[in-house]
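> Structure incoming, see below.
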Amino acid sequence: MTAASRGPLVLILHQARYDLLGILRNRQARFFTLVLPLLFLVIFTGVFGNHTAHTDGTFVKLKAYYVPGIGALGVIAASFVNLVISITAQREGGILKRRRATPVPAWVLVAGRTLTAVTVSLTVLTVLLGFGRFVYGVKLPTSTLPGIALTAVVGSVTFCVLGYALSTAISNEDSAQPMVQAIMLPLYFISGVFVPNITLPPWLKHVAQVFPVEHLSDGLHHAYIPGVHGVGIVWSDIGVLAIWAAIGLGVALLRFSWLPKAAAG
């Protein structure tokens with residue numbers, strides 16, 4: 001059966017399965033996607049979990065703060081960090097060039113990789129939230145599950161698109177991981193992932209509010225606020241994530257290349 005004779009959904013699912021197998025077989029991808037977020041959760045809750053912080057107008061145990069915060073890190077690791085590193089390596093190794101030469105349409109390759117990122121993000125988030133529930137007793141209200149799910153999906157798609165956009169600025173495989181970490185670590189600290197942002201100077205809070213990490217983290221934290229009403233969706237955070245997705249899509253459409261940088265240049 002040729003690619004043209006298959007339906008779009010079948011092609012995307014087939015491509016997503018291929019990409020998922022590639023992630024599962026990659027030790028580095030497995031570590032940064034699942035093991036590292038779990039390590040951060042264990043470390044931060046172990047050190048600060050019994051303390052209390054004032055956030056979103058209420059006082060919460062820091063272990064209840066770190067579970068959704070590290071959940072945001074897990075989503076970003078699955079849909080942005082891992083993607084940038086793998087896409088850059090595949091481009092520079094000529095793999096993207098060979099895949100683009102197949103009969104499979106380019107949009108199927110991108111959609112399949114995006115679906116993989118969303119699937120892995122939701123899986124990692126489920127593991128982290130489940131770990132927080134059964135190990136640390138941090139409960140998520142059932143009513144806010146739709147908010148958690150929507151925020152995670154929109155955040156994952158946004159960071160996946162931004163991953164494609166950032167990969168266009170990275171010249172080689174060796175610089176991918178350092179560049180990603182140089183960008184993300186400061187944002188984690190000022191966006192409420194590692195440190196409750198109520199403790200930050202006002203100017204630093206304003207800086208954090210510009211970037212999507214703050215809004216993914218805030219959207220997940222909102223679902224854990226004691227006494228929260230509704231389904232736990234913060235539409236302002238969803239809106240900012242959507243704006244960043246549009247920006248990333250524009251950059252990726254203009255600059256993304258299937259060829260190694262040396263060949264493209």
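We name chains A, B, ... following the order of the structure tokens; residues begin at 1 in each chain, and ligands are numbered from 1 as shown.
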List as a ChimeraX atom specification the protein and nucleic acid residues near Ile95 (chain A), meaning an atom at most 12 Å away when only C-alpha atoms are counted, but skip any in the same chain fewer than 6 places from it.

/A:86-89,101-102,258-260

> So that each row is one residue of region 142-239 of chain A with an atom at most 10 Å from region 62-69 of chain A, can you give its shortest atom pair and the distance in Å to one decimal, using only C-alpha atoms, rows by chain and rising number, as JSON lines?


{"residue": "A:Ile148", "atom": "CA", "partner": "A:Pro68", "partner_atom": "CA", "distance": 9.2}
{"residue": "A:Tyr188", "atom": "CA", "partner": "A:Gly69", "partner_atom": "CA", "distance": 9.1}
{"residue": "A:Ser191", "atom": "CA", "partner": "A:Gly69", "partner_atom": "CA", "distance": 9.3}
{"residue": "A:Gly192", "atom": "CA", "partner": "A:Gly69", "partner_atom": "CA", "distance": 6.8}
{"residue": "A:Val193", "atom": "CA", "partner": "A:Gly69", "partner_atom": "CA", "distance": 4.5}
{"residue": "A:Phe194", "atom": "CA", "partner": "A:Gly69", "partner_atom": "CA", "distance": 7.1}
{"residue": "A:Val195", "atom": "CA", "partner": "A:Tyr66", "partner_atom": "CA", "distance": 8.8}
{"residue": "A:Pro196", "atom": "CA", "partner": "A:Tyr65", "partner_atom": "CA", "distance": 8.0}
{"residue": "A:Glu214", "atom": "CA", "partner": "A:Gly69", "partner_atom": "CA", "distance": 9.8}
{"residue": "A:Leu216", "atom": "CA", "partner": "A:Gly69", "partner_atom": "CA", "distance": 9.0}
{"residue": "A:Ser217", "atom": "CA", "partner": "A:Gly69", "partner_atom": "CA", "distance": 5.7}
{"residue": "A:Asp218", "atom": "CA", "partner": "A:Gly69", "partner_atom": "CA", "distance": 8.2}
{"residue": "A:Gly219", "atom": "CA", "partner": "A:Pro68", "partner_atom": "CA", "distance": 9.0}
{"residue": "A:Leu220", "atom": "CA", "partner": "A:Pro68", "partner_atom": "CA", "distance": 5.5}
{"residue": "A:His221", "atom": "CA", "partner": "A:Pro68", "partner_atom": "CA", "distance": 5.5}
{"residue": "A:His222", "atom": "CA", "partner": "A:Pro68", "partner_atom": "CA", "distance": 8.9}
{"residue": "A:Ala223", "atom": "CA", "partner": "A:Pro68", "partner_atom": "CA", "distance": 8.5}
{"residue": "A:Tyr224", "atom": "CA", "partner": "A:Ala64", "partner_atom": "CA", "distance": 7.3}
{"residue": "A:Ile225", "atom": "CA", "partner": "A:Ala64", "partner_atom": "CA", "distance": 8.8}
{"residue": "A:Pro226", "atom": "CA", "partner": "A:Ala64", "partner_atom": "CA", "distance": 9.9}

> Among region 92-221 of chain A, which residues does DSSP mark as helix (DSSP H, G or I) when it is run on the backbone? Keep the chain and numbering as in the structure and answer as number ranges by chain.

A: 92, 95-100, 106-136, 142-167, 173-190, 197-199, 202-210, 212-221

> Between CA of Leu253 (chain A) and CA of Ala77 (chain A), what distance in Å does the model show, to one decimal?

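Computed distance, CA of Leu253 (chain A) to CA of Ala77 (chain A), equals 22.7 Å.
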
> Would you work out the distance separating CA of Asn197 (chain A) from CA of Leu122 (chain A), expressed in Å to one decimal?

24.7 Å

> For a quick check of understanding, using only C-alpha atoms, which of A:Leu115, A:Ala78, A:Ala246, A:Val127 has the smallest distance to Phe32 (chain A)?

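That would be A:Ala78, the residue with the smallest distance to Phe32 (chain A).
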
> Which is closer to Thr168 (chain A) than all the others in A:Leu150, A:Leu254, A:Leu200, A:Ile190, using only C-alpha atoms?

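Of A:Leu150, A:Leu254, A:Leu200, A:Ile190, the one nearest Thr168 (chain A) is A:Leu254, counting only C-alpha atoms.
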
> Just checking: using only C-alpha atoms, which residue out of A:Val42, A:Leu125, A:Val210, A:Ala169 ends up closest to Arg255 (chain A)?

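That would be A:Ala169, the residue with the smallest distance to Arg255 (chain A).
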
> Write out as a VMD selection string each polymer residue whose atoms come within 9 Å of Val108 (chain A), counting only C-alpha atoms; drop sequence neighbours fewer than 4 positions from it.

chain A and resid 8 to 9 11 to 12 15 104 112 to 113

> Select, from A:Val138, A:Ile70, A:Cys160, A:Val228, the residue with the minimum atom-to-atom distance to Val110 (chain A), counting only C-alpha atoms.

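Of all the options, A:Cys160 lies closest to Val110 (chain A).
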
> Could you pull the residues within 12 Å of Gly137 (chain A), counting only C-alpha atoms, minus those fewer than 5 positions along the same chain, as a compact mmCIF listing (two decimals) with N, CA, C and O atoms, in the first residue's frame?


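Listed below is the output, result-v1.txt:
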# COMPACT_ATOMS: atom_id res chain seq x y z
N THR A 45 10.56 18.21 46.61
CA THR A 45 9.60 17.88 47.66
C THR A 45 10.29 17.34 48.89
O THR A 45 9.84 17.56 50.02
N GLY A 49 9.28 20.21 50.80
CA GLY A 49 7.88 19.80 50.75
C GLY A 49 7.05 20.10 51.97
O GLY A 49 5.84 20.32 51.86
N ASN A 50 7.64 20.14 53.16
CA ASN A 50 6.86 20.38 54.37
C ASN A 50 6.69 21.85 54.69
O ASN A 50 5.98 22.20 55.64
N LYS A 61 1.02 23.81 50.87
CA LYS A 61 2.25 23.08 51.13
C LYS A 61 3.09 23.07 49.85
O LYS A 61 2.55 22.92 48.75
N LYS A 63 4.94 20.85 48.69
CA LYS A 63 4.85 19.62 47.92
C LYS A 63 3.66 19.66 46.97
O LYS A 63 3.71 19.10 45.87
N ALA A 64 2.57 20.36 47.36
CA ALA A 64 1.43 20.54 46.47
C ALA A 64 1.73 21.57 45.39
O ALA A 64 1.04 21.62 44.36
N VAL A 67 4.37 19.52 42.66
CA VAL A 67 3.84 18.47 41.79
C VAL A 67 3.38 19.04 40.44
O VAL A 67 3.84 18.58 39.39
N LEU A 129 1.92 13.32 38.27
CA LEU A 129 0.78 13.61 39.13
C LEU A 129 0.40 12.39 39.96
O LEU A 129 0.02 12.52 41.13
N GLY A 130 0.49 11.20 39.34
CA GLY A 130 0.21 9.98 40.09
C GLY A 130 1.24 9.75 41.19
O GLY A 130 0.90 9.34 42.31
N PHE A 131 2.51 10.03 40.88
CA PHE A 131 3.57 9.90 41.88
C PHE A 131 3.31 10.86 43.04
O PHE A 131 3.44 10.48 44.21
N GLY A 132 2.93 12.08 42.71
CA GLY A 132 2.63 13.06 43.75
C GLY A 132 1.44 12.65 44.60
O GLY A 132 1.42 12.87 45.81

> With only C-alpha atoms as the counted atoms, please give the residues lying no more than 8 Å from His215 (chain A), apart from itself and same-chain residues fewer than 4 positions off, as a list of chain:residue names.

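Contacts, in chain order: A:Gln209, A:Phe211, A:Gly219, A:Asp237, A:Ile238, A:Val240, A:Leu241.
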
> Calculate how many Å separate CA of Lys205 (chain A) from CA of Leu128 (chain A), rounding to one decimal.

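So the two atoms, CA of Lys205 (chain A) and CA of Leu128 (chain A), lie 26.0 Å apart.
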
> Just the strand (DSSP E) stuff from region 6-239 of chain A, please, per backbone DSSP, written as JSON, numbers by chain.

{"A": [52, 53, 54, 55, 58, 59, 60, 61]}

> Based on the selection just made, write all heavy atoms of those residues as a PDB file, in the first residue's frame.


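What landed in again_8.pdb:
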ATOM      1  N   THR A  52       5.488  25.838  53.813  1.00  0.00           N
ATOM      2  CA  THR A  52       4.270  26.416  53.250  1.00  0.00           C
ATOM      3  C   THR A  52       4.622  27.678  52.482  1.00  0.00           C
ATOM      4  O   THR A  52       5.491  28.448  52.897  1.00  0.00           O
ATOM      5  CB  THR A  52       3.262  26.745  54.366  1.00  0.00           C
ATOM      6  OG1 THR A  52       2.955  25.547  55.083  1.00  0.00           O
ATOM      7  CG2 THR A  52       1.967  27.306  53.786  1.00  0.00           C
ATOM      8  N   ALA A  53       3.938  27.890  51.365  1.00  0.00           N
ATOM      9  CA  ALA A  53       4.160  29.085  50.546  1.00  0.00           C
ATOM     10  C   ALA A  53       2.833  29.758  50.264  1.00  0.00           C
ATOM     11  O   ALA A  53       1.788  29.104  50.181  1.00  0.00           O
ATOM     12  CB  ALA A  53       4.850  28.724  49.242  1.00  0.00           C
ATOM     13  N   HIS A  54       2.882  31.071  50.116  1.00  0.00           N
ATOM     14  CA  HIS A  54       1.691  31.841  49.749  1.00  0.00           C
ATOM     15  C   HIS A  54       1.697  32.042  48.241  1.00  0.00           C
ATOM     16  O   HIS A  54       2.596  32.665  47.695  1.00  0.00           O
ATOM     17  CB  HIS A  54       1.686  33.198  50.455  1.00  0.00           C
ATOM     18  CG  HIS A  54       0.455  34.000  50.185  1.00  0.00           C
ATOM     19  ND1 HIS A  54       0.369  34.921  49.169  1.00  0.00           N
ATOM     20  CD2 HIS A  54      -0.773  34.000  50.790  1.00  0.00           C
ATOM     21  CE1 HIS A  54      -0.831  35.476  49.162  1.00  0.00           C
ATOM     22  NE2 HIS A  54      -1.545  34.929  50.131  1.00  0.00           N
ATOM     23  N   THR A  55       0.719  31.477  47.585  1.00  0.00           N
ATOM     24  CA  THR A  55       0.655  31.591  46.132  1.00  0.00           C
ATOM     25  C   THR A  55      -0.786  31.591  45.671  1.00  0.00           C
ATOM     26  O   THR A  55      -1.636  30.900  46.244  1.00  0.00           O
ATOM     27  CB  THR A  55       1.424  30.436  45.455  1.00  0.00           C
ATOM     28  OG1 THR A  55       1.317  30.552  44.034  1.00  0.00           O
ATOM     29  CG2 THR A  55       0.880  29.083  45.879  1.00  0.00           C
ATOM     30  N   THR A  58      -3.539  32.115  48.335  1.00  0.00           N
ATOM     31  CA  THR A  58      -3.779  31.140  49.386  1.00  0.00           C
ATOM     32  C   THR A  58      -2.464  30.501  49.817  1.00  0.00           C
ATOM     33  O   THR A  58      -1.448  30.635  49.129  1.00  0.00           O
ATOM     34  CB  THR A  58      -4.758  30.045  48.917  1.00  0.00           C
ATOM     35  OG1 THR A  58      -5.084  29.194  50.014  1.00  0.00           O
ATOM     36  CG2 THR A  58      -4.142  29.216  47.808  1.00  0.00           C
ATOM     37  N   PHE A  59      -2.490  29.824  50.953  1.00  0.00           N
ATOM     38  CA  PHE A  59      -1.301  29.133  51.449  1.00  0.00           C
ATOM     39  C   PHE A  59      -1.390  27.656  51.086  1.00  0.00           C
ATOM     40  O   PHE A  59      -2.426  27.022  51.284  1.00  0.00           O
ATOM     41  CB  PHE A  59      -1.186  29.292  52.962  1.00  0.00           C
ATOM     42  CG  PHE A  59      -0.771  30.671  53.397  1.00  0.00           C
ATOM     43  CD1 PHE A  59      -1.732  31.612  53.716  1.00  0.00           C
ATOM     44  CD2 PHE A  59       0.565  31.020  53.466  1.00  0.00           C
ATOM     45  CE1 PHE A  59      -1.367  32.898  54.113  1.00  0.00           C
ATOM     46  CE2 PHE A  59       0.948  32.300  53.855  1.00  0.00           C
ATOM     47  CZ  PHE A  59      -0.023  33.243  54.179  1.00  0.00           C
ATOM     48  N   VAL A  60      -0.298  27.115  50.536  1.00  0.00           N
ATOM     49  CA  VAL A  60      -0.266  25.713  50.161  1.00  0.00           C
ATOM     50  C   VAL A  60       1.046  25.104  50.611  1.00  0.00           C
ATOM     51  O   VAL A  60       2.067  25.793  50.739  1.00  0.00           O
ATOM     52  CB  VAL A  60      -0.414  25.524  48.629  1.00  0.00           C
ATOM     53  CG1 VAL A  60      -1.742  26.050  48.132  1.00  0.00           C
ATOM     54  CG2 VAL A  60       0.737  26.193  47.882  1.00  0.00           C
ATOM     55  N   LYS A  61       1.022  23.809  50.873  1.00  0.00           N
ATOM     56  CA  LYS A  61       2.253  23.081  51.133  1.00  0.00           C
ATOM     57  C   LYS A  61       3.091  23.069  49.851  1.00  0.00           C
ATOM     58  O   LYS A  61       2.548  22.917  48.745  1.00  0.00           O
ATOM     59  CB  LYS A  61       1.942  21.651  51.561  1.00  0.00           C
ATOM     60  CG  LYS A  61       1.403  21.512  52.971  1.00  0.00           C
ATOM     61  CD  LYS A  61       2.507  21.715  54.000  1.00  0.00           C
ATOM     62  CE  LYS A  61       2.013  21.399  55.405  1.00  0.00           C
ATOM     63  NZ  LYS A  61       3.077  21.606  56.418  1.00  0.00           N
TER      64      LYS A  61
END

> For Phe159 (chain A), list every protein, DNA or RNA residue within 9 Å, evaluated using only C-alpha atoms, and leave out those in the same chain fewer than 4 positions away; present the list as a list in words.

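Counting only the stated atoms, we get Val75, Ile76, Ser79, Phe80, Val81, Val154, Gly155, Gly163, Tyr164, Pro212, Leu241, Trp244, Ala245 and Gly248 of chain A.
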
> Deliver the residues from the most recent selection as a file, using N, CA, C and O atoms, as a CSV table (one decimal), in the first residue's frame.


chain,number,residue,atom,x,y,z
A,75,VAL,N,6.2,18.3,30.8
A,75,VAL,CA,5.6,18.5,29.5
A,75,VAL,C,6.6,19.2,28.6
A,75,VAL,O,6.7,18.8,27.4
A,76,ILE,N,7.4,20.2,29.1
A,76,ILE,CA,8.3,20.9,28.3
A,76,ILE,C,9.5,19.9,27.8
A,76,ILE,O,10.0,20.0,26.7
A,79,SER,N,8.1,17.7,25.0
A,79,SER,CA,7.7,18.3,23.7
A,79,SER,C,8.6,19.4,23.2
A,79,SER,O,8.4,19.8,22.1
A,80,PHE,N,9.6,19.8,24.0
A,80,PHE,CA,10.5,20.9,23.5
A,80,PHE,C,11.9,20.5,23.6
A,80,PHE,O,12.6,20.4,22.6
A,81,VAL,N,12.4,20.1,24.8
A,81,VAL,CA,13.8,19.8,25.0
A,81,VAL,C,14.2,18.6,24.1
A,81,VAL,O,15.2,18.6,23.3
A,154,VAL,N,-2.4,21.9,25.0
A,154,VAL,CA,-2.1,23.2,24.4
A,154,VAL,C,-0.6,23.6,24.6
A,154,VAL,O,0.1,24.0,23.7
A,155,GLY,N,-0.2,23.3,25.9
A,155,GLY,CA,1.3,23.6,26.2
A,155,GLY,C,2.2,22.7,25.4
A,155,GLY,O,3.2,23.2,24.9
A,163,GLY,N,9.8,24.2,19.4
A,163,GLY,CA,11.0,23.4,19.2
A,163,GLY,C,11.5,23.4,17.8
A,163,GLY,O,12.7,23.5,17.5
A,164,TYR,N,10.5,23.2,16.9
A,164,TYR,CA,10.8,23.3,15.5
A,164,TYR,C,11.4,24.7,15.1
A,164,TYR,O,12.4,24.8,14.3
A,212,PRO,N,6.1,31.6,27.6
A,212,PRO,CA,5.1,30.6,27.8
A,212,PRO,C,5.3,29.7,28.9
A,212,PRO,O,4.3,29.0,29.4
A,241,LEU,N,-0.3,31.0,25.5
A,241,LEU,CA,0.3,29.8,24.9
A,241,LEU,C,0.0,29.7,23.4
A,241,LEU,O,0.8,29.4,22.6
A,244,TRP,N,2.1,32.2,21.5
A,244,TRP,CA,3.4,31.7,21.2
A,244,TRP,C,3.5,30.6,20.2
A,244,TRP,O,4.4,30.5,19.4
A,245,ALA,N,2.4,29.8,20.2
A,245,ALA,CA,2.3,28.7,19.2
A,245,ALA,C,2.3,29.4,17.8
A,245,ALA,O,2.9,28.9,16.8
A,248,GLY,N,5.8,30.7,16.9
A,248,GLY,CA,6.7,29.6,16.6
A,248,GLY,C,6.4,29.0,15.2
A,248,GLY,O,7.3,28.6,14.5

> For each of A:Leu185, A:Leu204, A:Ala149, A:Phe256, take the minimum atom-to-atom distance to Ala106 (chain A), counting only C-alpha atoms, then give the residue where this is smallest.

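Of the candidates, the smallest distance to Ala106 (chain A) is held by A:Phe256.
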
> Nearest to Arg91 (chain A): which of A:His14, A:Lys261, A:His206, A:Arg133 is it, counting only C-alpha atoms?

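Among the listed residues, A:Lys261 lies closest to Arg91 (chain A).
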